[in-house]
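Text of data_13.pdb (PDB, C-alpha atoms, pLDDT in the B column) as supplied:
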ATOM      1  CA  MET A 194     110.576 211.832 131.556  1.00 49.00           C
ATOM      2  CA  THR A 195     108.466 208.708 131.621  1.00 51.00           C
ATOM      3  CA  CYS A 196     109.236 206.242 134.398  1.00 47.00           C
ATOM      4  CA  ARG A 197     109.190 202.663 133.201  1.00 50.00           C
ATOM      5  CA  PRO A 198     108.359 199.883 135.635  1.00 45.00           C
ATOM      6  CA  VAL A 199     111.245 197.652 136.581  1.00 40.00           C
ATOM      7  CA  PRO A 200     110.638 194.209 135.086  1.00 47.00           C
ATOM      8  CA  VAL A 201     110.111 191.475 137.676  1.00 40.00           C
ATOM      9  CA  SER A 202     110.514 187.811 136.844  1.00 46.00           C
ATOM     10  CA  ARG A 203     107.574 185.514 137.373  1.00 53.00           C
ATOM     11  CA  GLU A 204     109.533 183.554 139.982  1.00 49.00           C
ATOM     12  CA  THR A 205     110.446 186.711 141.945  1.00 40.00           C
ATOM     13  CA  GLY A 206     106.884 187.961 141.826  1.00 45.00           C
ATOM     14  CA  GLN A 207     105.547 184.625 143.016  1.00 51.00           C
ATOM     15  CA  ARG A 208     107.980 184.573 145.958  1.00 42.00           C
ATOM     16  CA  ALA A 209     106.947 188.112 146.885  1.00 40.00           C
ATOM     17  CA  GLN A 210     103.288 187.095 146.860  1.00 51.00           C
ATOM     18  CA  GLU A 211     103.961 183.967 148.904  1.00 47.00           C
ATOM     19  CA  TYR A 212     106.044 185.729 151.584  1.00 39.00           C
ATOM     20  CA  PRO A 213     103.092 187.330 153.447  1.00 52.00           C
ATOM     21  CA  ASP A 214     101.291 183.988 153.382  1.00 58.00           C
ATOM     22  CA  ARG A 215     104.319 182.187 154.869  1.00 55.00           C
ATOM     23  CA  THR A 216     104.700 184.887 157.525  1.00 56.00           C
ATOM     24  CA  LEU A 217     101.021 184.637 158.438  1.00 64.00           C
ATOM     25  CA  ASP A 218     101.183 180.839 158.527  1.00 66.00           C
ATOM     26  CA  ARG A 219     104.209 181.006 160.845  1.00 59.00           C
ATOM     27  CA  ALA A 220     102.434 183.459 163.148  1.00 63.00           C
ATOM     28  CA  ARG A 221      99.362 181.234 163.277  1.00 70.00           C
ATOM     29  CA  GLN A 222     101.457 178.161 164.016  1.00 66.00           C
ATOM     30  CA  LEU A 223     103.335 179.976 166.781  1.00 66.00           C
ATOM     31  CA  THR A 224     100.057 181.116 168.334  1.00 71.00           C
ATOM     32  CA  ALA A 225      98.705 177.574 168.239  1.00 71.00           C
ATOM     33  CA  ASP A 226     101.899 176.092 169.692  1.00 69.00           C
ATOM     34  CA  ALA A 227     102.135 178.707 172.441  1.00 72.00           C
ATOM     35  CA  SER A 228      98.482 178.158 173.376  1.00 73.00           C
ATOM     36  CA  HIS A 229      99.079 174.420 173.622  1.00 69.00           C
ATOM     37  CA  GLU A 230     102.213 174.806 175.737  1.00 73.00           C
ATOM     38  CA  MET A 231     100.542 177.255 178.124  1.00 77.00           C
ATOM     39  CA  ARG A 232      97.424 175.137 178.474  1.00 79.00           C
ATOM     40  CA  THR A 233      99.240 172.387 180.403  1.00 78.00           C
ATOM     41  CA  PRO A 234     100.526 174.503 183.324  1.00 80.00           C
ATOM     42  CA  LEU A 235      97.238 176.438 183.382  1.00 83.00           C
ATOM     43  CA  ALA A 236      95.255 173.194 183.623  1.00 85.00           C
ATOM     44  CA  GLY A 237      97.534 171.944 186.399  1.00 82.00           C
ATOM     45  CA  LEU A 238      97.200 175.205 188.297  1.00 84.00           C
ATOM     46  CA  ARG A 239      93.422 175.150 188.027  1.00 86.00           C
ATOM     47  CA  ALA A 240      93.209 171.506 189.140  1.00 86.00           C
ATOM     48  CA  GLU A 241      95.382 172.149 192.192  1.00 85.00           C
ATOM     49  CA  LEU A 242      93.357 175.182 193.276  1.00 87.00           C
ATOM     50  CA  GLU A 243      90.002 173.475 192.696  1.00 88.00           C
ATOM     51  CA  GLU A 244      91.108 170.449 194.709  1.00 84.00           C
ATOM     52  CA  ALA A 245      92.204 172.685 197.573  1.00 85.00           C
ATOM     53  CA  ARG A 246      88.896 174.529 197.495  1.00 85.00           C
ATOM     54  CA  MET A 247      86.819 171.339 197.506  1.00 88.00           C
ATOM     55  CA  HIS A 248      88.816 169.676 200.302  1.00 85.00           C
ATOM     56  CA  PRO A 249      90.324 172.492 202.368  1.00 84.00           C
ATOM     57  CA  HIS A 250      90.777 170.368 205.483  1.00 84.00           C
ATOM     58  CA  GLN A 251      92.583 167.626 203.588  1.00 83.00           C
ATOM     59  CA  THR A 252      94.894 169.977 201.737  1.00 83.00           C
ATOM     60  CA  ASP A 253      98.516 170.673 202.528  1.00 86.00           C
ATOM     61  CA  LEU A 254      98.592 174.404 201.834  1.00 82.00           C
ATOM     62  CA  SER A 255     102.360 174.540 201.537  1.00 86.00           C
ATOM     63  CA  GLU A 256     102.391 171.764 198.915  1.00 87.00           C
ATOM     64  CA  VAL A 257      99.573 173.393 196.929  1.00 84.00           C
ATOM     65  CA  LEU A 258     101.393 176.720 196.888  1.00 85.00           C
ATOM     66  CA  ASP A 259     104.661 175.079 195.808  1.00 87.00           C
ATOM     67  CA  CYS A 260     102.940 173.338 192.899  1.00 85.00           C
ATOM     68  CA  ALA A 261     101.102 176.511 191.913  1.00 86.00           C
ATOM     69  CA  LEU A 262     104.323 178.521 191.938  1.00 88.00           C
ATOM     70  CA  ARG A 263     106.039 175.953 189.692  1.00 86.00           C
ATOM     71  CA  ASP A 264     103.216 176.261 187.160  1.00 84.00           C
ATOM     72  CA  VAL A 265     103.337 180.055 187.325  1.00 87.00           C
ATOM     73  CA  GLU A 266     107.118 180.027 186.829  1.00 86.00           C
ATOM     74  CA  ARG A 267     106.738 177.859 183.722  1.00 84.00           C
ATOM     75  CA  LEU A 268     104.117 180.238 182.326  1.00 86.00           C
ATOM     76  CA  GLU A 269     106.383 183.202 183.031  1.00 85.00           C
ATOM     77  CA  ALA A 270     109.279 181.476 181.282  1.00 84.00           C
ATOM     78  CA  ILE A 271     107.175 180.763 178.179  1.00 83.00           C
ATOM     79  CA  VAL A 272     105.899 184.351 177.997  1.00 84.00           C
ATOM     80  CA  ALA A 273     109.387 185.813 178.536  1.00 84.00           C
ATOM     81  CA  ASP A 274     110.868 183.649 175.762  1.00 83.00           C
ATOM     82  CA  LEU A 275     108.054 184.542 173.353  1.00 84.00           C
ATOM     83  CA  LEU A 276     108.588 188.250 174.025  1.00 82.00           C
ATOM     84  CA  PHE A 277     112.321 187.834 173.452  1.00 85.00           C
ATOM     85  CA  LEU A 278     111.671 186.069 170.146  1.00 82.00           C
ATOM     86  CA  ALA A 279     109.359 188.879 169.050  1.00 80.00           C
ATOM     87  CA  GLN A 280     112.101 191.443 169.674  1.00 81.00           C
ATOM     88  CA  VAL A 281     114.897 189.620 167.823  1.00 85.00           C
ATOM     89  CA  GLY A 282     115.675 191.359 164.544  1.00 75.00           C
ATOM     90  CA  THR A 283     113.891 194.606 165.439  1.00 78.00           C
ATOM     91  CA  ASN A 284     116.934 196.389 166.889  1.00 72.00           C
ATOM     92  CA  LEU A 285     118.328 199.543 165.312  1.00 69.00           C
ATOM     93  CA  PRO A 286     121.923 199.553 163.986  1.00 72.00           C
ATOM     94  CA  SER A 287     122.811 201.967 166.800  1.00 74.00           C
ATOM     95  CA  GLU A 288     122.086 199.203 169.324  1.00 83.00           C
ATOM     96  CA  GLN A 289     124.910 197.072 167.957  1.00 89.00           C
ATOM     97  CA  GLU A 290     128.415 197.320 169.351  1.00 92.00           C
ATOM     98  CA  MET A 291     131.809 195.823 168.747  1.00 94.00           C
ATOM     99  CA  LEU A 292     132.089 192.678 170.867  1.00 95.00           C
ATOM    100  CA  ASP A 293     134.774 190.052 171.355  1.00 94.00           C
ATOM    101  CA  LEU A 294     132.885 186.771 171.016  1.00 95.00           C
ATOM    102  CA  ALA A 295     135.684 184.833 172.724  1.00 93.00           C
ATOM    103  CA  GLU A 296     135.495 187.103 175.758  1.00 94.00           C
ATOM    104  CA  LEU A 297     131.704 186.732 175.945  1.00 95.00           C
ATOM    105  CA  VAL A 298     132.057 182.943 175.807  1.00 95.00           C
ATOM    106  CA  ARG A 299     134.728 182.976 178.507  1.00 92.00           C
ATOM    107  CA  ALA A 300     132.533 185.121 180.764  1.00 93.00           C
ATOM    108  CA  GLU A 301     129.459 182.922 180.293  1.00 94.00           C
ATOM    109  CA  ALA A 302     131.408 179.689 180.820  1.00 92.00           C
ATOM    110  CA  SER A 303     133.180 180.998 183.923  1.00 90.00           C
ATOM    111  CA  ARG A 304     129.829 181.628 185.620  1.00 90.00           C
ATOM    112  CA  ARG A 305     128.934 177.958 185.353  1.00 89.00           C
ATOM    113  CA  SER A 306     130.338 176.266 188.431  1.00 78.00           C
ATOM    114  CA  PHE A 307     127.500 173.720 188.229  1.00 78.00           C
ATOM    115  CA  GLY A 308     126.969 170.711 185.994  1.00 76.00           C
ATOM    116  CA  VAL A 309     129.513 169.017 183.765  1.00 87.00           C
ATOM    117  CA  GLU A 310     132.896 170.560 183.078  1.00 90.00           C
ATOM    118  CA  ILE A 311     133.325 173.014 180.214  1.00 93.00           C
ATOM    119  CA  HIS A 312     136.628 172.967 178.324  1.00 92.00           C
ATOM    120  CA  VAL A 313     137.222 176.062 176.219  1.00 92.00           C
ATOM    121  CA  LYS A 314     139.670 177.116 173.529  1.00 91.00           C
ATOM    122  CA  PHE A 315     139.660 180.753 172.426  1.00 85.00           C
ATOM    123  CA  ALA A 316     140.858 182.688 169.400  1.00 77.00           C
ATOM    124  CA  ARG A 317     142.532 186.007 170.146  1.00 76.00           C
ATOM    125  CA  GLU A 318     140.763 187.848 167.310  1.00 81.00           C
ATOM    126  CA  ALA A 319     137.026 187.176 167.318  1.00 91.00           C
ATOM    127  CA  THR A 320     135.334 190.564 167.071  1.00 92.00           C
ATOM    128  CA  ILE A 321     131.754 190.895 165.856  1.00 95.00           C
ATOM    129  CA  SER A 322     129.202 193.698 165.591  1.00 93.00           C
ATOM    130  CA  ALA A 323     126.166 192.590 167.572  1.00 93.00           C
ATOM    131  CA  VAL A 324     123.480 193.321 170.145  1.00 92.00           C
ATOM    132  CA  ARG A 325     125.128 192.286 173.409  1.00 94.00           C
ATOM    133  CA  MET A 326     121.985 191.076 175.191  1.00 94.00           C
ATOM    134  CA  GLN A 327     120.958 188.859 172.286  1.00 95.00           C
ATOM    135  CA  ILE A 328     124.389 187.309 171.773  1.00 96.00           C
ATOM    136  CA  ASN A 329     124.651 186.627 175.513  1.00 96.00           C
ATOM    137  CA  ARG A 330     121.273 184.904 175.397  1.00 96.00           C
ATOM    138  CA  LEU A 331     122.347 182.811 172.411  1.00 97.00           C
ATOM    139  CA  LEU A 332     125.492 181.674 174.256  1.00 97.00           C
ATOM    140  CA  ALA A 333     123.574 180.896 177.442  1.00 95.00           C
ATOM    141  CA  ASN A 334     121.017 178.818 175.540  1.00 95.00           C
ATOM    142  CA  LEU A 335     123.643 176.790 173.676  1.00 97.00           C
ATOM    143  CA  LEU A 336     125.661 176.104 176.838  1.00 96.00           C
ATOM    144  CA  ASP A 337     122.484 175.235 178.771  1.00 93.00           C
ATOM    145  CA  ASN A 338     121.595 172.725 176.073  1.00 93.00           C
ATOM    146  CA  ALA A 339     125.087 171.225 175.963  1.00 94.00           C
ATOM    147  CA  GLN A 340     125.384 170.834 179.749  1.00 94.00           C
ATOM    148  CA  ARG A 341     121.880 169.411 179.966  1.00 91.00           C
ATOM    149  CA  HIS A 342     122.695 166.551 177.606  1.00 92.00           C
ATOM    150  CA  ALA A 343     126.432 165.965 178.170  1.00 94.00           C
ATOM    151  CA  ARG A 344     127.544 162.902 180.101  1.00 92.00           C
ATOM    152  CA  ARG A 345     130.946 164.127 181.291  1.00 92.00           C
ATOM    153  CA  SER A 346     132.106 167.308 179.540  1.00 93.00           C
ATOM    154  CA  VAL A 347     131.422 170.056 177.007  1.00 95.00           C
ATOM    155  CA  GLN A 348     134.027 171.236 174.480  1.00 95.00           C
ATOM    156  CA  VAL A 349     133.858 174.889 173.348  1.00 96.00           C
ATOM    157  CA  GLN A 350     135.998 176.496 170.652  1.00 95.00           C
ATOM    158  CA  VAL A 351     136.024 179.999 169.175  1.00 96.00           C
ATOM    159  CA  ARG A 352     138.126 180.564 166.072  1.00 94.00           C
ATOM    160  CA  ARG A 353     138.347 182.788 163.024  1.00 92.00           C
ATOM    161  CA  HIS A 354     138.160 181.704 159.388  1.00 89.00           C
ATOM    162  CA  GLY A 355     138.898 184.762 157.258  1.00 89.00           C
ATOM    163  CA  ALA A 356     135.817 186.976 157.457  1.00 92.00           C
ATOM    164  CA  VAL A 357     133.893 184.531 159.659  1.00 94.00           C
ATOM    165  CA  ILE A 358     133.963 183.935 163.409  1.00 95.00           C
ATOM    166  CA  GLU A 359     133.026 180.372 164.335  1.00 96.00           C
ATOM    167  CA  LEU A 360     131.824 179.096 167.699  1.00 97.00           C
ATOM    168  CA  ALA A 361     131.509 175.333 168.179  1.00 97.00           C
ATOM    169  CA  ILE A 362     129.942 173.768 171.286  1.00 97.00           C
ATOM    170  CA  ALA A 363     130.132 169.981 171.473  1.00 96.00           C
ATOM    171  CA  ASP A 364     128.734 167.609 174.077  1.00 95.00           C
ATOM    172  CA  ASP A 365     129.279 163.895 174.631  1.00 93.00           C
ATOM    173  CA  GLY A 366     125.613 163.069 175.120  1.00 94.00           C
ATOM    174  CA  PRO A 367     123.177 161.000 173.040  1.00 92.00           C
ATOM    175  CA  GLY A 368     123.476 163.176 169.932  1.00 92.00           C
ATOM    176  CA  ILE A 369     120.739 164.209 167.512  1.00 93.00           C
ATOM    177  CA  ALA A 370     119.500 162.025 164.661  1.00 92.00           C
ATOM    178  CA  ALA A 371     120.005 163.482 161.186  1.00 93.00           C
ATOM    179  CA  PRO A 372     116.243 163.822 160.429  1.00 92.00           C
ATOM    180  CA  ASP A 373     115.812 165.954 163.573  1.00 93.00           C
ATOM    181  CA  ARG A 374     118.691 168.386 163.038  1.00 94.00           C
ATOM    182  CA  GLU A 375     116.507 171.113 161.542  1.00 93.00           C
ATOM    183  CA  ARG A 376     113.396 170.326 163.544  1.00 92.00           C
ATOM    184  CA  ILE A 377     115.127 171.021 166.865  1.00 93.00           C
ATOM    185  CA  PHE A 378     115.279 174.709 165.909  1.00 93.00           C
ATOM    186  CA  GLU A 379     111.507 174.890 165.553  1.00 88.00           C
ATOM    187  CA  ARG A 380     109.585 176.530 168.358  1.00 83.00           C
ATOM    188  CA  PHE A 381     108.313 174.008 170.924  1.00 80.00           C
ATOM    189  CA  ALA A 382     109.753 171.130 168.882  1.00 74.00           C
ATOM    190  CA  ARG A 383     109.407 167.685 170.446  1.00 66.00           C
ATOM    191  CA  LEU A 384     112.102 165.054 170.048  1.00 67.00           C
ATOM    192  CA  ASP A 385     112.564 161.620 171.573  1.00 54.00           C
ATOM    193  CA  ALA A 386     113.047 161.184 175.294  1.00 50.00           C
ATOM    194  CA  SER A 387     116.847 161.331 175.137  1.00 49.00           C
ATOM    195  CA  ARG A 388     116.797 165.051 174.337  1.00 51.00           C
ATOM    196  CA  SER A 389     113.350 165.992 175.667  1.00 49.00           C
ATOM    197  CA  ARG A 390     112.353 169.191 177.429  1.00 46.00           C
ATOM    198  CA  ASP A 391     111.689 167.205 180.628  1.00 44.00           C
ATOM    199  CA  LYS A 392     115.334 167.831 181.504  1.00 52.00           C
ATOM    200  CA  GLY A 393     114.725 171.595 181.579  1.00 52.00           C
ATOM    201  CA  GLY A 394     113.667 174.549 179.455  1.00 60.00           C
ATOM    202  CA  VAL A 395     110.397 175.388 177.759  1.00 68.00           C
ATOM    203  CA  GLY A 396     111.283 174.342 174.209  1.00 82.00           C
ATOM    204  CA  LEU A 397     112.302 177.755 172.842  1.00 88.00           C
ATOM    205  CA  GLY A 398     116.027 177.908 173.651  1.00 91.00           C
ATOM    206  CA  LEU A 399     117.342 176.637 170.314  1.00 94.00           C
ATOM    207  CA  ALA A 400     114.708 178.554 168.358  1.00 92.00           C
ATOM    208  CA  ILE A 401     115.907 181.737 170.050  1.00 93.00           C
ATOM    209  CA  ALA A 402     119.538 180.875 169.312  1.00 95.00           C
ATOM    210  CA  ARG A 403     118.820 180.287 165.600  1.00 95.00           C
ATOM    211  CA  ASP A 404     116.779 183.495 165.282  1.00 93.00           C
ATOM    212  CA  VAL A 405     119.531 185.553 166.942  1.00 94.00           C
ATOM    213  CA  ALA A 406     122.126 184.051 164.584  1.00 94.00           C
ATOM    214  CA  LEU A 407     120.027 184.865 161.512  1.00 93.00           C
ATOM    215  CA  ALA A 408     119.270 188.396 162.773  1.00 91.00           C
ATOM    216  CA  HIS A 409     123.058 188.971 162.931  1.00 93.00           C
ATOM    217  CA  HIS A 410     123.540 187.708 159.340  1.00 92.00           C
ATOM    218  CA  GLY A 411     124.965 184.437 160.617  1.00 94.00           C
ATOM    219  CA  SER A 412     124.010 180.785 160.751  1.00 96.00           C
ATOM    220  CA  LEU A 413     123.545 178.042 163.332  1.00 97.00           C
ATOM    221  CA  HIS A 414     123.416 174.327 162.644  1.00 97.00           C
ATOM    222  CA  VAL A 415     124.061 171.047 164.421  1.00 97.00           C
ATOM    223  CA  GLU A 416     126.243 168.123 163.362  1.00 96.00           C
ATOM    224  CA  ASP A 417     127.907 165.062 164.875  1.00 95.00           C
ATOM    225  CA  SER A 418     130.336 165.753 167.703  1.00 93.00           C
ATOM    226  CA  PRO A 419     133.800 164.155 167.712  1.00 90.00           C
ATOM    227  CA  THR A 420     133.004 163.094 171.289  1.00 85.00           C
ATOM    228  CA  GLY A 421     129.902 161.217 170.169  1.00 88.00           C
ATOM    229  CA  GLY A 422     127.149 163.730 170.942  1.00 94.00           C
ATOM    230  CA  ALA A 423     125.915 166.883 169.231  1.00 96.00           C
ATOM    231  CA  ARG A 424     128.067 169.768 167.981  1.00 97.00           C
ATOM    232  CA  PHE A 425     126.377 173.136 167.482  1.00 98.00           C
ATOM    233  CA  VAL A 426     128.218 175.462 165.095  1.00 97.00           C
ATOM    234  CA  LEU A 427     127.555 179.208 165.047  1.00 97.00           C
ATOM    235  CA  ARG A 428     129.054 181.365 162.292  1.00 96.00           C
ATOM    236  CA  LEU A 429     128.932 185.174 162.381  1.00 96.00           C
ATOM    237  CA  PRO A 430     130.528 187.858 160.192  1.00 94.00           C
ATOM    238  CA  ALA A 431     133.836 189.045 161.611  1.00 91.00           C
ATOM    239  CA  ASN A 432     134.614 192.679 162.266  1.00 81.00           C
ATOM    240  CA  MET A 433     137.910 194.458 162.757  1.00 43.00           C
ATOM    241  CA  PRO A 434     140.201 192.216 164.817  1.00 37.00           C
ATOM    242  CA  ILE A 435     141.415 193.149 168.277  1.00 34.00           C
ATOM    243  CA  THR A 436     144.313 191.729 170.231  1.00 32.00           C
ATOM    244  CA  LYS A 437     143.541 190.144 173.573  1.00 33.00           C
ATOM    245  CA  THR A 438     145.840 188.288 175.913  1.00 33.00           C
ATOM    246  CA  TRP A 439     143.937 185.561 177.707  1.00 29.00           C
ATOM    247  CA  THR A 440     144.684 184.411 181.226  1.00 31.00           C
ATOM    248  CA  SER A 441     143.731 181.082 182.661  1.00 30.00           C
ATOM    249  CA  HIS A 442     140.449 181.087 184.561  1.00 33.00           C
ATOM    250  CA  PRO A 443     139.809 178.964 187.672  1.00 32.00           C
ATOM    251  CA  SER A 444     136.824 176.773 188.604  1.00 33.00           C
ATOM    252  CA  ARG A 445     135.313 174.354 186.092  1.00 44.00           C
ATOM    253  CA  VAL A 446     136.294 176.246 182.938  1.00 47.00           C
ATOM    254  CA  HIS A 447     139.474 175.079 181.272  1.00 47.00           C
ATOM    255  CA  GLY A 448     140.712 177.259 178.433  1.00 52.00           C
ATOM    256  CA  ASP A 449     143.639 178.355 176.326  1.00 54.00           C
ATOM    257  CA  GLY A 450     144.160 180.703 173.433  1.00 54.00           C
ATOM    258  CA  GLU A 451     145.087 179.807 169.913  1.00 50.00           C
TER     259      GLU A 451
END

For the file at hand, write its structure as structure tokens.
Amino acid sequence: MTCRPVPVSRETGQRAQEYPDRTLDRARQLTADASHEMRTPLAGLRAELEEARMHPHQTDLSEVLDCALRDVERLEAIVADLLFLAQVGTNLPSEQEMLDLAELVRAEASRRSFGVEIHVKFAREATISAVRMQINRLLANLLDNAQRHARRSVQVQVRRHGAVIELAIADDGPGIAAPDRERIFERFARLDASRSRDKGGVGLGLAIARDVALAHHGSLHVEDSPTGGARFVLRLPANMPITKTWTSHPSRVHGDGE
């Protein structure tokens, strides 16, 4: 029997040819961005050590060490986030497990006794198939971002829409301008001062969150919040529902079930 080649449209073939180029371009851009971000703390570390070496008797050793440690910690954070990004999407199906997204959100929110208050509203059936460590990191990054920019409170809701589980995290901060709502998910993206990285983080938190969502066949976008700030919406495929009875949790987390 003669095997005939499967016909491929010109458009499909062109996309297939362009894909390696786009992947290579993205890798090159990431390398350039990471090099730039790491250069700043490295330059600061070098300057501090050189100054101490040139003027040892005029140097406060404790202050020099504190500054050096801060630069090292920033470098470690950048490297750790880059390694995490490299691992997203490479997990085997066996590494996924059935998880209740509402329970994961409740657990992450309940650990946050610091910062602005978090008000939560949970669905009782919000089961997904996911890699626990990655979903936990996604939740932590979104809540970190919301608390960092909120003025008074953060509103969190988990609910189910048919075959989709939706998580919405809204803050009452300065919000995000429409032209920037895709750019904020880029690695090391820079926005205006109102939502800058000076308030914390290394500029990879939202990029990690978006990549984790896509790796789990979901989506993550940002829109206007009813409270005036930004509202991040995560949608993931639902799995078989489970029944969970929620109890009220103390501290700064305020929640109820639907």

*So what do you get for atom CA of A:His248 versus atom CA of A:Glu230, distance-wise?*
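Spanning atom CA of A:His248 to atom CA of A:Glu230 is a straight-line distance of 28.4 Å.
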
_12 Å contact set for A:Arg376, all atoms listed in the file, chain neighbours under 4 positions out, as a list in words_ =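 Neighbouring residues, sequence-local ones excluded: Ile369, Ala370, Ala371, Pro372, Arg380, Phe381, Ala382, Arg383, Leu384, Asp385, Gly396, Leu397, Leu399, Ala400, Arg403, His414 and Val415 of chain A.
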
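For the pair atom CA of A:Leu331 and atom CA of A:Leu294, the interatomic distance is 11.3 Å.
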
_Nearby residues (all atoms listed in the file) at most 9 Å from A:Gly237, same-chain spacing under 6 positions excluded, as a ChimeraX atom specification_ = /A:260-261,264

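One finds atom CA of A:Gln280 at 23.3 Å from atom CA of A:Phe425.
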
*Taking (128.1, 165.5, 169.9) in the file's own coordinates, collect the residues within 10 Å, counting all atoms listed in the file, and hand them back as number ranges by chain.*
A: 339, 342-343, 347-348, 362-369, 415-425

*asked:* Which residues are near A:Leu429? Cut-off 10 Å, all atoms listed in the file, ignore same chain within fewer than 3 positions. Put them as a list of chain:residue names.
replied: A:Leu294, A:Ala319, A:Thr320, A:Ile321, A:Ser322, A:Ala323, A:Arg353, A:Ala356, A:Val357, A:Ile358, A:Glu359, A:Leu360, A:Ala406, A:Leu407, A:His409, A:His410, A:Gly411, A:Ser412, A:Leu413, A:Asn432

*Looking at A:Ala431, A:Ala273, A:Ile401, A:Leu336, which one is nearest to A:His354, with distances taken over only C-alpha atoms?*
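Closest candidate: A:Ala431.
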